[in-house]
Amino acid sequence: MHNYFCDMHIHIGGTWTGKPVKITASRQMTLTKILEEASEKKGMDVIGIIDSHSPEVQDELLSLLEAGVATEHEHGGILYKGTMLILGCELEIKEPGRGEAHFLVYLPTLCAMQEWTRWLSQRCKNVQLSSQRVSARLRELQEWVEHLGGLLIPAHIFTPHKGLYGSCTDHLADVLDPTLVHAVELGLSANTDMADRLSELHTKTFLTNSDAHSLGKIGREYQSIRMAERSFAEWEKAIRRQDGRAVAVNYGLHPQLGKYHQTACQGCQSLLPADAAGRCPECGHKRIVRGVAARIDELADREAGAHPPFRPPYIEQFPLEFIPGIGPKLLEKLYQAFGTQMNVVHRATEDELAKVVGEKIAKLIVAGRDGSLNVQKGGAGTYGKVILS
């Protein structure tokens, strides 16, 4: 068994011909550029590209396979240099009388993804684009994903905008077959202590993914997964916690860095009490966004710290981009010295870092490894930030 670094939620901004896929993502986020970034700079062993349903993305992937640059694994997944690609898709479902919610679909092969695209094209407006509203019920969706040998995982479940608990339901069983939900994605504003306050999640594997919309955001959240090899079949066993495969460690943002952690005003960005409603007392704006922390308080039926026996450690980390003093030039200097982000974050010693970036920045990087920096909370779409004492 080996532990592999995995970031399973990465968006494609545009195709190789320049057509948009994820409208809000950088056009630099093409399939090939993502694979290069993940393999050469980030040091990710496994990634999930969740816009693999887009026909032009599939065309680009076919070209890589035909050129021999990428190869399909016999047990699912596609290998490119040092990174294994798991094919995925993000979509939006609106159950009658409920808010919208996003879901991640992962499939083992390109053939299965092409079949998924055909099914999807009959149920959405533009199958080229990411996160499309699908004309289907969630239980129907679950059955079709199961038929194709894939996994359906609710995305960023507590996010007020299009998270399962944030805008759709109070309980899984109200909209889904819980027995077919083996994992949930926590999102950037929650951690394991917070999520395990909901007892119905105590049977689920927790995923911490970047939801990257730009190349620099790849790997801002990820997990170390214990598997015998890198393949879809092994990853699925880890999600189901079978035969010793499992998530070994969740590496997530300090949740207060998340842009929806605290209840806040969308107009002036003032942080507000959890129960704030109506107009903002600071500026009078009528759009107050309830924070993830407040929503979990509302749903919780367990005290913080109550975890199932299999729950792995959650390491609160500060991505390099959040650390004061680290800009693009210094980041490139770190990559040149240590190879990949994973080497900088996990393997380089403080003394080795200091030789490249100086003692002050080196101390901040090391402190960021275990979440011991001070944070100003984020909310209403604005990220939190590190506060230096």
# chains A, B, ... in the order shown; residues from 1 in each chain; ligands from 1
call {"tool": "select_by_dssp", "arguments": {"residues": "stretch 184-308 of chain A", "states": "alpha helix (DSSP H)", "output": "list in words"}}
result
Thr192, Asp193, Met194, Ala195, Phe232, Ala233, Glu234, Trp235, Glu236, Lys237, Ala238, Ile239, Arg240, Val292, Ala293, Ala294, Arg295, Ile296, Asp297, Glu298 and Leu299 of chain A
call {"tool": "write_last_selection", "arguments": {"atoms": "C-alpha atoms", "output": "tab-separated table (two decimals), in the first residue's frame"}}
result
chain	number	residue	atom	x	y	z
A	192	THR	CA	-14.02	17.34	9.87
A	193	ASP	CA	-14.88	18.56	13.37
A	194	MET	CA	-17.67	20.68	11.94
A	195	ALA	CA	-19.08	18.09	9.50
A	232	PHE	CA	-10.20	4.22	-10.58
A	233	ALA	CA	-10.84	0.79	-9.03
A	234	GLU	CA	-8.42	1.45	-6.17
A	235	TRP	CA	-9.79	4.96	-5.63
A	236	GLU	CA	-13.34	3.61	-5.49
A	237	LYS	CA	-12.27	1.05	-2.87
A	238	ALA	CA	-10.77	3.90	-0.82
A	239	ILE	CA	-14.01	5.89	-1.05
A	240	ARG	CA	-15.93	2.81	0.13
A	292	VAL	CA	-21.34	27.57	6.88
A	293	ALA	CA	-20.59	27.62	10.61
A	294	ALA	CA	-24.09	28.95	11.36
A	295	ARG	CA	-25.75	26.40	9.07
A	296	ILE	CA	-23.92	23.52	10.74
A	297	ASP	CA	-24.94	24.85	14.17
A	298	GLU	CA	-28.53	24.76	12.94
A	299	LEU	CA	-28.34	21.15	11.68
call {"tool": "closest_residue", "arguments": {"among": "A:Ile387, A:Ile365, A:Cys280, A:Cys124", "to": "A:Cys265", "atoms": "only C-alpha atoms"}}
result
A:Cys280
call {"tool": "closest_atom_pairs", "arguments": {"of": "stretch 241-292 of chain A", "to": "stretch 145-159 of chain A", "cutoff": "12 Å", "atoms": "only C-alpha atoms", "output": "JSON lines"}}
result
{"residue": "A:Pro255", "atom": "CA", "partner": "A:Phe158", "partner_atom": "CA", "distance": 11.7}
{"residue": "A:Gly258", "atom": "CA", "partner": "A:Thr159", "partner_atom": "CA", "distance": 9.8}
{"residue": "A:Lys259", "atom": "CA", "partner": "A:Thr159", "partner_atom": "CA", "distance": 9.3}
{"residue": "A:Tyr260", "atom": "CA", "partner": "A:Thr159", "partner_atom": "CA", "distance": 6.7}
{"residue": "A:His261", "atom": "CA", "partner": "A:Thr159", "partner_atom": "CA", "distance": 8.6}
{"residue": "A:Gln262", "atom": "CA", "partner": "A:Thr159", "partner_atom": "CA", "distance": 11.1}
{"residue": "A:Thr263", "atom": "CA", "partner": "A:Thr159", "partner_atom": "CA", "distance": 11.5}
{"residue": "A:Val289", "atom": "CA", "partner": "A:Thr159", "partner_atom": "CA", "distance": 10.2}
{"residue": "A:Arg290", "atom": "CA", "partner": "A:Thr159", "partner_atom": "CA", "distance": 9.3}
{"residue": "A:Gly291", "atom": "CA", "partner": "A:Thr159", "partner_atom": "CA", "distance": 8.0}
{"residue": "A:Val292", "atom": "CA", "partner": "A:Phe158", "partner_atom": "CA", "distance": 5.8}
call {"tool": "atom_distance", "arguments": {"atom1": "atom CA of A:Ser389", "atom2": "atom CA of A:Leu186"}}
result
29.6 Å
call {"tool": "residues_around", "arguments": {"residues": "A:Arg302", "least_positions_apart": "2", "cutoff": "8 Å", "atoms": "only C-alpha atoms", "output": "list in words"}}
result
Asp196, Arg197, Leu198, Ser199, Ala300, Ala304 and Ala306 of chain A
